[in-house]
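Colleague: For reference, the file run_10.pdb (PDB, C-alpha atoms, pLDDT in the B column) is included below:
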```
ATOM      1  CA  MET A1033     -15.312  20.275  -3.261  1.00 45.00           C
ATOM      2  CA  SER A1034     -14.904  16.515  -3.493  1.00 57.00           C
ATOM      3  CA  SER A1035     -13.299  14.505  -0.731  1.00 74.00           C
ATOM      4  CA  ILE A1036      -9.563  14.970  -0.361  1.00 90.00           C
ATOM      5  CA  PHE A1037      -7.323  12.467   1.354  1.00 94.00           C
ATOM      6  CA  VAL A1038      -4.250  13.303   3.381  1.00 93.00           C
ATOM      7  CA  ALA A1039      -1.973  10.258   3.480  1.00 94.00           C
ATOM      8  CA  ILE A1040       0.816  10.108   6.056  1.00 93.00           C
ATOM      9  CA  PRO A1041       3.168   7.140   5.713  1.00 92.00           C
ATOM     10  CA  THR A1042       5.298   6.537   8.796  1.00 89.00           C
ATOM     11  CA  HIS A1043       7.665   3.856   9.983  1.00 82.00           C
ATOM     12  CA  ASP A1044       7.004   4.429  13.688  1.00 84.00           C
ATOM     13  CA  GLY A1045       3.662   6.236  14.059  1.00 84.00           C
ATOM     14  CA  ARG A1046       5.289   9.621  14.631  1.00 84.00           C
ATOM     15  CA  ALA A1047       5.006  12.848  12.636  1.00 86.00           C
ATOM     16  CA  VAL A1048       6.046  16.482  13.080  1.00 86.00           C
ATOM     17  CA  VAL A1049       3.644  18.224  15.474  1.00 89.00           C
ATOM     18  CA  HIS A1050       3.566  21.536  13.562  1.00 89.00           C
ATOM     19  CA  SER A1051       2.610  19.644  10.394  1.00 90.00           C
ATOM     20  CA  LEU A1052      -0.264  17.934  12.195  1.00 91.00           C
ATOM     21  CA  ILE A1053      -1.516  21.292  13.508  1.00 90.00           C
ATOM     22  CA  GLU A1054      -1.455  22.721   9.978  1.00 92.00           C
ATOM     23  CA  LEU A1055      -3.235  19.645   8.586  1.00 92.00           C
ATOM     24  CA  ALA A1056      -6.003  20.142  11.163  1.00 91.00           C
ATOM     25  CA  SER A1057      -6.310  23.770  10.035  1.00 91.00           C
ATOM     26  CA  LEU A1058      -6.306  22.645   6.411  1.00 93.00           C
ATOM     27  CA  SER A1059      -9.186  20.270   7.142  1.00 90.00           C
ATOM     28  CA  GLN A1060     -11.194  23.146   8.623  1.00 90.00           C
ATOM     29  CA  LEU A1061     -10.470  25.346   5.599  1.00 92.00           C
ATOM     30  CA  LEU A1062     -11.366  22.750   2.964  1.00 92.00           C
ATOM     31  CA  GLY A1063     -13.914  20.494   4.640  1.00 85.00           C
ATOM     32  CA  GLY A1064     -14.224  16.899   3.526  1.00 79.00           C
ATOM     33  CA  VAL A1065     -10.567  16.103   4.261  1.00 89.00           C
ATOM     34  CA  ARG A1066      -9.960  12.529   5.348  1.00 91.00           C
ATOM     35  CA  VAL A1067      -6.648  11.668   6.996  1.00 91.00           C
ATOM     36  CA  VAL A1068      -5.207   8.178   6.651  1.00 93.00           C
ATOM     37  CA  THR A1069      -2.010   7.057   8.277  1.00 93.00           C
ATOM     38  CA  GLY A1070      -0.211   3.775   8.423  1.00 92.00           C
ATOM     39  CA  GLU A1071       2.999   2.131   9.511  1.00 92.00           C
ATOM     40  CA  GLY A1072       5.109  -0.265   7.521  1.00 86.00           C
ATOM     41  CA  SER A1073       8.567  -1.742   7.314  1.00 86.00           C
ATOM     42  CA  ASN A1074       9.305   0.126   4.087  1.00 91.00           C
ATOM     43  CA  ILE A1075       7.860   3.093   2.240  1.00 92.00           C
ATOM     44  CA  PRO A1076       6.275   1.273  -0.751  1.00 94.00           C
ATOM     45  CA  ARG A1077       4.485  -1.131   1.614  1.00 95.00           C
ATOM     46  CA  THR A1078       3.268   1.766   3.749  1.00 96.00           C
ATOM     47  CA  ARG A1079       2.062   3.771   0.744  1.00 96.00           C
ATOM     48  CA  ASN A1080       0.188   0.676  -0.495  1.00 96.00           C
ATOM     49  CA  LEU A1081      -1.436   0.278   2.924  1.00 96.00           C
ATOM     50  CA  LEU A1082      -2.604   3.890   2.672  1.00 96.00           C
ATOM     51  CA  MET A1083      -3.922   3.290  -0.844  1.00 96.00           C
ATOM     52  CA  ASP A1084      -5.907   0.320   0.558  1.00 95.00           C
ATOM     53  CA  LEU A1085      -7.452   2.629   3.161  1.00 95.00           C
ATOM     54  CA  ILE A1086      -8.284   5.209   0.485  1.00 94.00           C
ATOM     55  CA  ARG A1087      -9.878   2.522  -1.713  1.00 93.00           C
ATOM     56  CA  GLN A1088     -12.019   1.358   1.223  1.00 91.00           C
ATOM     57  CA  ALA A1089     -13.189   4.928   1.861  1.00 89.00           C
ATOM     58  CA  THR A1090     -13.883   5.814  -1.778  1.00 83.00           C
ATOM     59  CA  PRO A1091     -17.348   4.958  -3.071  1.00 76.00           C
ATOM     60  CA  PRO A1092     -17.724   3.569  -6.602  1.00 73.00           C
ATOM     61  CA  PRO A1093     -17.219   4.375  -9.390  1.00 67.00           C
ATOM     62  CA  PRO A1094     -13.475   4.010  -8.872  1.00 63.00           C
ATOM     63  CA  ASN A1095     -12.396   7.449 -10.009  1.00 77.00           C
ATOM     64  CA  PRO A1096      -8.996   8.830  -9.104  1.00 88.00           C
ATOM     65  CA  ALA A1097      -8.822  10.222  -5.588  1.00 92.00           C
ATOM     66  CA  TRP A1098      -7.013  13.479  -4.893  1.00 95.00           C
ATOM     67  CA  VAL A1099      -4.368  12.701  -2.274  1.00 97.00           C
ATOM     68  CA  LEU A1100      -2.078  15.026  -0.359  1.00 97.00           C
ATOM     69  CA  TRP A1101       0.953  12.907   0.496  1.00 98.00           C
ATOM     70  CA  ILE A1102       2.990  14.188   3.427  1.00 96.00           C
ATOM     71  CA  ASP A1103       5.881  12.199   4.801  1.00 93.00           C
ATOM     72  CA  SER A1104       6.149  12.018   8.577  1.00 91.00           C
ATOM     73  CA  ASP A1105       9.498  13.845   8.504  1.00 92.00           C
ATOM     74  CA  ILE A1106       8.225  16.927   6.639  1.00 92.00           C
ATOM     75  CA  LEU A1107       7.714  20.153   8.570  1.00 91.00           C
ATOM     76  CA  LEU A1108       4.803  22.208   7.298  1.00 93.00           C
ATOM     77  CA  PRO A1109       5.483  25.499   9.133  1.00 92.00           C
ATOM     78  CA  LEU A1110       2.802  27.015  11.336  1.00 92.00           C
ATOM     79  CA  GLY A1111       0.558  29.440   9.471  1.00 93.00           C
ATOM     80  CA  THR A1112       0.835  27.801   6.044  1.00 94.00           C
ATOM     81  CA  ALA A1113      -2.521  25.987   5.905  1.00 95.00           C
ATOM     82  CA  ASN A1114      -4.099  28.862   3.936  1.00 96.00           C
ATOM     83  CA  ILE A1115      -1.512  28.757   1.155  1.00 97.00           C
ATOM     84  CA  VAL A1116      -1.723  24.948   0.933  1.00 97.00           C
ATOM     85  CA  ALA A1117      -5.525  25.203   0.725  1.00 96.00           C
ATOM     86  CA  GLN A1118      -5.183  27.683  -2.153  1.00 98.00           C
ATOM     87  CA  TYR A1119      -2.833  25.354  -4.021  1.00 98.00           C
ATOM     88  CA  ILE A1120      -5.195  22.419  -3.480  1.00 97.00           C
ATOM     89  CA  ASP A1121      -8.195  24.419  -4.656  1.00 96.00           C
ATOM     90  CA  THR A1122      -6.367  25.598  -7.790  1.00 97.00           C
ATOM     91  CA  ALA A1123      -5.057  22.099  -8.530  1.00 97.00           C
ATOM     92  CA  ILE A1124      -8.528  20.584  -8.447  1.00 95.00           C
ATOM     93  CA  LYS A1125     -10.131  23.386 -10.471  1.00 96.00           C
ATOM     94  CA  THR A1126      -7.416  23.365 -13.137  1.00 97.00           C
ATOM     95  CA  GLU A1127      -6.456  19.669 -12.920  1.00 95.00           C
ATOM     96  CA  ARG A1128      -2.833  20.590 -12.230  1.00 97.00           C
ATOM     97  CA  PRO A1129      -1.267  18.334  -9.583  1.00 98.00           C
ATOM     98  CA  TRP A1130       1.774  19.691  -7.788  1.00 98.00           C
ATOM     99  CA  LEU A1131       4.869  18.960  -5.747  1.00 98.00           C
ATOM    100  CA  ALA A1132       6.401  21.215  -3.135  1.00 98.00           C
ATOM    101  CA  ASN A1133      10.144  21.318  -2.743  1.00 97.00           C
ATOM    102  CA  TYR A1134      12.215  20.342   0.236  1.00 95.00           C
ATOM    103  CA  PHE A1135      15.876  19.521   0.499  1.00 92.00           C
ATOM    104  CA  MET A1136      17.221  16.061   1.151  1.00 88.00           C
ATOM    105  CA  ALA A1137      19.940  15.261   3.701  1.00 84.00           C
ATOM    106  CA  ASN A1138      22.569  15.598   0.946  1.00 88.00           C
ATOM    107  CA  GLY A1139      21.403  19.180   0.260  1.00 88.00           C
ATOM    108  CA  GLN A1140      19.801  18.404  -3.108  1.00 92.00           C
ATOM    109  CA  SER A1141      16.333  19.520  -4.067  1.00 95.00           C
ATOM    110  CA  VAL A1142      13.770  16.744  -4.214  1.00 96.00           C
ATOM    111  CA  LEU A1143      12.510  18.159  -7.539  1.00 98.00           C
ATOM    112  CA  MET A1144      14.016  16.916 -10.797  1.00 97.00           C
ATOM    113  CA  LYS A1145      14.113  18.242 -14.332  1.00 97.00           C
ATOM    114  CA  ASP A1146      13.888  14.862 -16.034  1.00 94.00           C
ATOM    115  CA  ARG A1147      11.590  11.888 -15.823  1.00 95.00           C
ATOM    116  CA  THR A1148      14.085   9.086 -16.215  1.00 93.00           C
ATOM    117  CA  LEU A1149      15.211   6.076 -14.232  1.00 90.00           C
ATOM    118  CA  VAL A1150      18.889   7.003 -14.284  1.00 86.00           C
ATOM    119  CA  GLN A1151      20.687  10.272 -13.766  1.00 86.00           C
ATOM    120  CA  ALA A1152      17.686  12.545 -13.389  1.00 90.00           C
ATOM    121  CA  ARG A1153      18.971  16.070 -12.830  1.00 96.00           C
ATOM    122  CA  HIS A1154      17.916  17.740  -9.584  1.00 96.00           C
ATOM    123  CA  TYR A1155      17.106  21.439  -9.670  1.00 97.00           C
ATOM    124  CA  THR A1156      19.603  23.682  -7.937  1.00 96.00           C
ATOM    125  CA  ARG A1157      18.454  26.327  -5.476  1.00 95.00           C
ATOM    126  CA  GLU A1158      19.155  29.000  -8.083  1.00 97.00           C
ATOM    127  CA  GLU A1159      17.155  27.177 -10.762  1.00 98.00           C
ATOM    128  CA  LEU A1160      14.210  26.772  -8.387  1.00 97.00           C
ATOM    129  CA  GLU A1161      14.281  30.465  -7.532  1.00 97.00           C
ATOM    130  CA  ALA A1162      14.163  31.279 -11.263  1.00 98.00           C
ATOM    131  CA  LEU A1163      11.166  29.010 -11.957  1.00 98.00           C
ATOM    132  CA  PRO A1164       7.718  30.607 -11.944  1.00 98.00           C
ATOM    133  CA  ASP A1165       5.000  29.341  -9.658  1.00 98.00           C
ATOM    134  CA  TRP A1166       3.155  26.380 -11.234  1.00 98.00           C
ATOM    135  CA  ALA A1167       6.045  25.644 -13.639  1.00 98.00           C
ATOM    136  CA  GLU A1168       5.909  22.172 -15.128  1.00 98.00           C
ATOM    137  CA  ILE A1169       8.711  19.979 -13.781  1.00 98.00           C
ATOM    138  CA  GLY A1170       9.932  16.466 -14.561  1.00 97.00           C
ATOM    139  CA  MET A1171       9.277  14.630 -11.297  1.00 98.00           C
ATOM    140  CA  GLY A1172      10.139  14.622  -7.614  1.00 97.00           C
ATOM    141  CA  GLY A1173       9.719  12.968  -4.266  1.00 94.00           C
ATOM    142  CA  PHE A1174       6.370  12.356  -2.608  1.00 96.00           C
ATOM    143  CA  GLY A1175       7.286  14.097   0.675  1.00 94.00           C
ATOM    144  CA  PHE A1176       4.647  16.765   0.005  1.00 97.00           C
ATOM    145  CA  ALA A1177       2.668  16.098  -3.144  1.00 98.00           C
ATOM    146  CA  PHE A1178      -0.931  16.657  -4.221  1.00 98.00           C
ATOM    147  CA  LEU A1179      -1.931  14.185  -6.910  1.00 97.00           C
ATOM    148  CA  PRO A1180      -4.899  12.414  -8.462  1.00 96.00           C
ATOM    149  CA  MET A1181      -4.244   8.768  -7.570  1.00 95.00           C
ATOM    150  CA  SER A1182      -5.679   5.925  -9.595  1.00 93.00           C
ATOM    151  CA  LEU A1183      -7.231   3.591  -7.047  1.00 91.00           C
ATOM    152  CA  ASP A1184      -5.710   0.505  -8.638  1.00 92.00           C
ATOM    153  CA  TYR A1185      -2.128   1.770  -8.439  1.00 96.00           C
ATOM    154  CA  GLU A1186       0.407  -0.214  -6.401  1.00 96.00           C
ATOM    155  CA  PHE A1187       3.704   1.303  -5.369  1.00 97.00           C
ATOM    156  CA  HIS A1188       6.883  -0.651  -6.020  1.00 96.00           C
ATOM    157  CA  ALA A1189      10.606  -0.054  -5.690  1.00 94.00           C
ATOM    158  CA  ASP A1190      13.946  -1.593  -6.479  1.00 93.00           C
ATOM    159  CA  LYS A1191      17.215   0.323  -6.880  1.00 90.00           C
ATOM    160  CA  ALA A1192      15.000   3.331  -7.569  1.00 92.00           C
ATOM    161  CA  GLY A1193      12.425   4.512  -5.068  1.00 93.00           C
ATOM    162  CA  GLU A1194       8.666   4.154  -5.250  1.00 96.00           C
ATOM    163  CA  ASP A1195       8.277   7.820  -6.164  1.00 95.00           C
ATOM    164  CA  ILE A1196      10.538   7.498  -9.223  1.00 95.00           C
ATOM    165  CA  HIS A1197       8.638   4.403 -10.316  1.00 96.00           C
ATOM    166  CA  PHE A1198       5.322   6.245  -9.899  1.00 98.00           C
ATOM    167  CA  TRP A1199       6.447   8.928 -12.361  1.00 97.00           C
ATOM    168  CA  LEU A1200       7.787   6.362 -14.820  1.00 97.00           C
ATOM    169  CA  ASP A1201       4.483   4.456 -14.569  1.00 97.00           C
ATOM    170  CA  HIS A1202       2.609   7.711 -15.321  1.00 97.00           C
ATOM    171  CA  PRO A1203       4.588   9.315 -18.161  1.00 96.00           C
ATOM    172  CA  HIS A1204       1.689  11.532 -19.294  1.00 96.00           C
ATOM    173  CA  LEU A1205       0.808  12.941 -15.843  1.00 97.00           C
ATOM    174  CA  LYS A1206       2.049  16.523 -15.809  1.00 97.00           C
ATOM    175  CA  ILE A1207       3.311  17.799 -12.491  1.00 98.00           C
ATOM    176  CA  HIS A1208       3.799  21.391 -11.365  1.00 98.00           C
ATOM    177  CA  PHE A1209       5.941  23.245  -8.859  1.00 98.00           C
ATOM    178  CA  ALA A1210       4.049  24.667  -5.868  1.00 98.00           C
ATOM    179  CA  LYS A1211       6.641  27.361  -5.366  1.00 98.00           C
ATOM    180  CA  GLY A1212       4.789  29.209  -2.605  1.00 97.00           C
ATOM    181  CA  ILE A1213       4.912  26.295  -0.153  1.00 97.00           C
ATOM    182  CA  ALA A1214       8.047  26.381   1.987  1.00 93.00           C
ATOM    183  CA  LEU A1215       8.921  23.145   3.771  1.00 94.00           C
ATOM    184  CA  LYS A1216      11.647  21.724   5.937  1.00 84.00           C
ATOM    185  CA  HIS A1217      12.760  18.120   6.028  1.00 83.00           C
ATOM    186  CA  ARG A1218      13.580  16.563   9.394  1.00 74.00           C
ATOM    187  CA  LYS A1219      16.517  14.171   9.283  1.00 64.00           C
ATOM    188  CA  ALA A1220      19.405  14.348  11.735  1.00 55.00           C
ATOM    189  CA  SER A1221      18.993  18.127  11.452  1.00 53.00           C
ATOM    190  CA  TRP A1222      16.685  20.524   9.660  1.00 51.00           C
ATOM    191  CA  VAL A1223      17.796  20.794   6.018  1.00 51.00           C
TER
END
```
Once you've parsed the file, please lay out its structure as structure tokens.

Modeller:
Amino acid sequence: MSSIFVAIPTHDGRAVVHSLIELASLSQLLGGVRVVTGEGSNIPRTRNLLMDLIRQATPPPPNPAWVLWIDSDILLPLGTANIVAQYIDTAIKTERPWLANYFMANGQSVLMKDRTLVQARHYTREELEALPDWAEIGMGGFGFAFLPMSLDYEFHADKAGEDIHFWLDHPHLKIHFAKGIALKHRKASWV
């Protein structure tokens, strides 16, 4: 298997301990996993710093690098490294990148039906339950995403976040729902 990067953007150098334990287990399962982490004053700047580190570690030719993005406030529950490894293996073999769902502080799913700058419709809990594993979805947040990243890509944001702009900048990249990965999102409370 080719080298896989795990990129952890953080604003203060901290991350959820259980997630770090699972990422260590994931590295043992897959081999060749390289973890990069960085701090920045905003998320696009931090993601770009991580892309710089990935570029430095990727030998020519500049092919896309498979990157597992995990935000520092995502809880990957203990014992889930095996299922994540299976999703990664399938994604690489079938060239099907994926997003895992988590819920935002407002209770909405991070996954959306549409790929549009305005009024993208978030999936409801019921709609997510009805979707099959590996269903194609519109777009979603980068809190836990496994994607082939073009090494020349630069994140940017304005009224919309860097993740929305990524999807709009890549209209032909199909993304799939990793339904079997259950996550929690650490804000003021677990949501």

Colleague: Translate the PyMOL selection byres ((chain A and resi 1192) around 12) into a concrete residue list for this structure, as a short mmCIF file (atom, residue, chain, number, x, y, z; two decimals) with C-alpha atoms, in the frame of the given file.

Modeller:
```cif
data_model
loop_
_atom_site.label_atom_id
_atom_site.label_comp_id
_atom_site.auth_asym_id
_atom_site.auth_seq_id
_atom_site.Cartn_x
_atom_site.Cartn_y
_atom_site.Cartn_z
CA PRO A 1076 6.28 1.27 -0.75
CA THR A 1148 14.08 9.09 -16.22
CA LEU A 1149 15.21 6.08 -14.23
CA VAL A 1150 18.89 7.00 -14.28
CA GLN A 1151 20.69 10.27 -13.77
CA ALA A 1152 17.69 12.54 -13.39
CA GLY A 1173 9.72 12.97 -4.27
CA PHE A 1187 3.70 1.30 -5.37
CA HIS A 1188 6.88 -0.65 -6.02
CA ALA A 1189 10.61 -0.05 -5.69
CA ASP A 1190 13.95 -1.59 -6.48
CA LYS A 1191 17.22 0.32 -6.88
CA GLY A 1193 12.42 4.51 -5.07
CA GLU A 1194 8.67 4.15 -5.25
CA ASP A 1195 8.28 7.82 -6.16
CA ILE A 1196 10.54 7.50 -9.22
CA HIS A 1197 8.64 4.40 -10.32
CA PHE A 1198 5.32 6.24 -9.90
CA TRP A 1199 6.45 8.93 -12.36
CA LEU A 1200 7.79 6.36 -14.82
#
```

Colleague: Please evaluate the PyMOL selection byres ((chain A and resi 1077-1085) around 10) against the displayed coordinates and give the resulting residues as a PyMOL selection string.

Modeller: chain A and resi 1037-1043+1067-1076+1086-1090+1097+1099+1101+1181-1189+1194

Colleague: Measuring between only C-alpha atoms, which one of A:Asn1133, A:Ser1059, A:Thr1156, A:Ser1051 shows the shortest distance to A:Ile1106?

Modeller: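 For A:Ile1106, the nearest of the given residues is A:Ser1051.
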
Colleague: Step by step, work through what the PyMOL selection byres ((chain A and resi 1203-1207) around 8) selects in the shown file, and finish by giving those residues as JSON, numbers by chain.

Modeller: {"A": [1128, 1129, 1130, 1131, 1147, 1168, 1169, 1170, 1171, 1199, 1200, 1201, 1202, 1208, 1209]}

Colleague: Return as JSON lines the residues of stretch 1053-1080 of chain A lying at most 9 Å from stretch 1107-1118 of chain A, together with the closest atom-to-atom pair for each and the distance in Å to one decimal, counting all atoms listed in the file, with rows in chain order and ascending residue number.

Modeller:
```
{"residue": "A:Ile1053", "atom": "CA", "partner": "A:Leu1110", "partner_atom": "CA", "distance": 7.5}
{"residue": "A:Glu1054", "atom": "CA", "partner": "A:Ala1113", "partner_atom": "CA", "distance": 5.3}
{"residue": "A:Leu1055", "atom": "CA", "partner": "A:Ala1113", "partner_atom": "CA", "distance": 6.9}
{"residue": "A:Ala1056", "atom": "CA", "partner": "A:Ala1113", "partner_atom": "CA", "distance": 8.6}
{"residue": "A:Ser1057", "atom": "CA", "partner": "A:Ala1113", "partner_atom": "CA", "distance": 6.0}
{"residue": "A:Leu1058", "atom": "CA", "partner": "A:Ala1113", "partner_atom": "CA", "distance": 5.1}
{"residue": "A:Ser1059", "atom": "CA", "partner": "A:Ala1113", "partner_atom": "CA", "distance": 8.9}
{"residue": "A:Leu1061", "atom": "CA", "partner": "A:Ala1117", "partner_atom": "CA", "distance": 6.9}
{"residue": "A:Leu1062", "atom": "CA", "partner": "A:Ala1117", "partner_atom": "CA", "distance": 6.7}
```

Colleague: Determine the nearest neighbour of A:Asp1044 from the options A:Leu1215, A:Ile1120, A:Lys1145, A:Asp1103, counting only C-alpha atoms.

Modeller: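 Nearest candidate to A:Asp1044 out of A:Leu1215, A:Ile1120, A:Lys1145, A:Asp1103: A:Asp1103.
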
Colleague: In Å, with one decimal, what is the gap from atom CA of A:Pro1180 to atom CA of A:Pro1096?

Modeller: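 Answer for the atom CA of A:Pro1180 to atom CA of A:Pro1096 separation: 5.5 Å.
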
Colleague: Work out how far apart atom CA of A:Arg1046 and atom CA of A:Phe1174 are and give it in Å to one decimal.

Modeller: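 Interatomic distance, atom CA of A:Arg1046 to atom CA of A:Phe1174: 17.5 Å.
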
Colleague: Report, in Å with one decimal, the straight-line distance from atom CA of A:Asp1165 to atom CA of A:Lys1211.

Modeller: 5.0 Å

Colleague: Dig up all the protein and nucleic acid residues within 12 Å of (13.5, 17.8, 10.5) in the file frame, using only C-alpha atoms, and format them as a ChimeraX atom specification.

Modeller: /A:1047-1051,1103-1109,1134-1137,1215-1223

Colleague: Counting only C-alpha atoms, which residue out of A:Leu1143, A:His1154, A:Arg1066, A:Gln1060 sits closest to A:Ser1035?

Modeller: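 Looking at the shortest contact to A:Ser1035, the residue is A:Arg1066.
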
Colleague: Is it possible to add N, CA and C atoms to stretch 1099-1128 of chain A and hand it back as a tab-separated table (two decimals), keeping the file's coordinate frame?

Modeller:
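Output contents, as saved in result33.tsv:
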```
chain	number	residue	atom	x	y	z
A	1099	VAL	N	-5.08	13.05	-3.51
A	1099	VAL	CA	-4.37	12.70	-2.27
A	1099	VAL	C	-3.24	13.70	-2.03
A	1100	LEU	N	-3.20	14.23	-0.82
A	1100	LEU	CA	-2.08	15.03	-0.36
A	1100	LEU	C	-1.17	14.09	0.43
A	1101	TRP	N	-0.05	13.74	-0.17
A	1101	TRP	CA	0.95	12.91	0.50
A	1101	TRP	C	1.85	13.81	1.32
A	1102	ILE	N	2.03	13.46	2.59
A	1102	ILE	CA	2.99	14.19	3.43
A	1102	ILE	C	3.76	13.16	4.25
A	1103	ASP	N	5.06	13.12	4.04
A	1103	ASP	CA	5.88	12.20	4.80
A	1103	ASP	C	5.97	12.66	6.25
A	1104	SER	N	6.15	11.71	7.15
A	1104	SER	CA	6.15	12.02	8.58
A	1104	SER	C	7.33	12.88	9.01
A	1105	ASP	N	8.34	13.02	8.15
A	1105	ASP	CA	9.50	13.84	8.50
A	1105	ASP	C	9.50	15.21	7.80
A	1106	ILE	N	8.36	15.61	7.28
A	1106	ILE	CA	8.22	16.93	6.64
A	1106	ILE	C	7.62	17.91	7.63
A	1107	LEU	N	8.24	19.08	7.73
A	1107	LEU	CA	7.71	20.15	8.57
A	1107	LEU	C	6.95	21.13	7.69
A	1108	LEU	N	5.66	21.20	7.91
A	1108	LEU	CA	4.80	22.21	7.30
A	1108	LEU	C	4.72	23.33	8.34
A	1109	PRO	N	5.40	24.46	8.10
A	1109	PRO	CA	5.48	25.50	9.13
A	1109	PRO	C	4.11	26.03	9.56
A	1110	LEU	N	4.04	26.44	10.82
A	1110	LEU	CA	2.80	27.02	11.34
A	1110	LEU	C	2.39	28.21	10.49
A	1111	GLY	N	1.10	28.32	10.23
A	1111	GLY	CA	0.56	29.44	9.47
A	1111	GLY	C	0.52	29.23	7.98
A	1112	THR	N	0.82	28.03	7.49
A	1112	THR	CA	0.84	27.80	6.04
A	1112	THR	C	-0.38	27.05	5.52
A	1113	ALA	N	-1.34	26.72	6.36
A	1113	ALA	CA	-2.52	25.99	5.90
A	1113	ALA	C	-3.27	26.75	4.82
A	1114	ASN	N	-3.37	28.07	4.94
A	1114	ASN	CA	-4.10	28.86	3.94
A	1114	ASN	C	-3.49	28.74	2.55
A	1115	ILE	N	-2.15	28.83	2.46
A	1115	ILE	CA	-1.51	28.76	1.16
A	1115	ILE	C	-1.65	27.34	0.58
A	1116	VAL	N	-1.54	26.33	1.42
A	1116	VAL	CA	-1.72	24.95	0.93
A	1116	VAL	C	-3.15	24.76	0.43
A	1117	ALA	N	-4.13	25.29	1.16
A	1117	ALA	CA	-5.52	25.20	0.72
A	1117	ALA	C	-5.72	25.87	-0.63
A	1118	GLN	N	-5.07	27.00	-0.85
A	1118	GLN	CA	-5.18	27.68	-2.15
A	1118	GLN	C	-4.59	26.83	-3.27
A	1119	TYR	N	-3.44	26.23	-3.01
A	1119	TYR	CA	-2.83	25.35	-4.02
A	1119	TYR	C	-3.72	24.14	-4.31
A	1120	ILE	N	-4.30	23.56	-3.29
A	1120	ILE	CA	-5.20	22.42	-3.48
A	1120	ILE	C	-6.41	22.83	-4.30
A	1121	ASP	N	-7.01	23.94	-3.93
A	1121	ASP	CA	-8.20	24.42	-4.66
A	1121	ASP	C	-7.88	24.67	-6.13
A	1122	THR	N	-6.77	25.33	-6.40
A	1122	THR	CA	-6.37	25.60	-7.79
A	1122	THR	C	-6.07	24.31	-8.54
A	1123	ALA	N	-5.40	23.37	-7.88
A	1123	ALA	CA	-5.06	22.10	-8.53
A	1123	ALA	C	-6.31	21.35	-8.96
A	1124	ILE	N	-7.30	21.30	-8.11
A	1124	ILE	CA	-8.53	20.58	-8.45
A	1124	ILE	C	-9.29	21.31	-9.56
A	1125	LYS	N	-9.39	22.62	-9.45
A	1125	LYS	CA	-10.13	23.39	-10.47
A	1125	LYS	C	-9.46	23.34	-11.84
A	1126	THR	N	-8.14	23.31	-11.87
A	1126	THR	CA	-7.42	23.36	-13.14
A	1126	THR	C	-6.81	22.02	-13.54
A	1127	GLU	N	-7.02	21.01	-12.70
A	1127	GLU	CA	-6.46	19.67	-12.92
A	1127	GLU	C	-4.94	19.73	-13.11
A	1128	ARG	N	-4.29	20.47	-12.21
A	1128	ARG	CA	-2.83	20.59	-12.23
A	1128	ARG	C	-2.27	20.10	-10.89
```
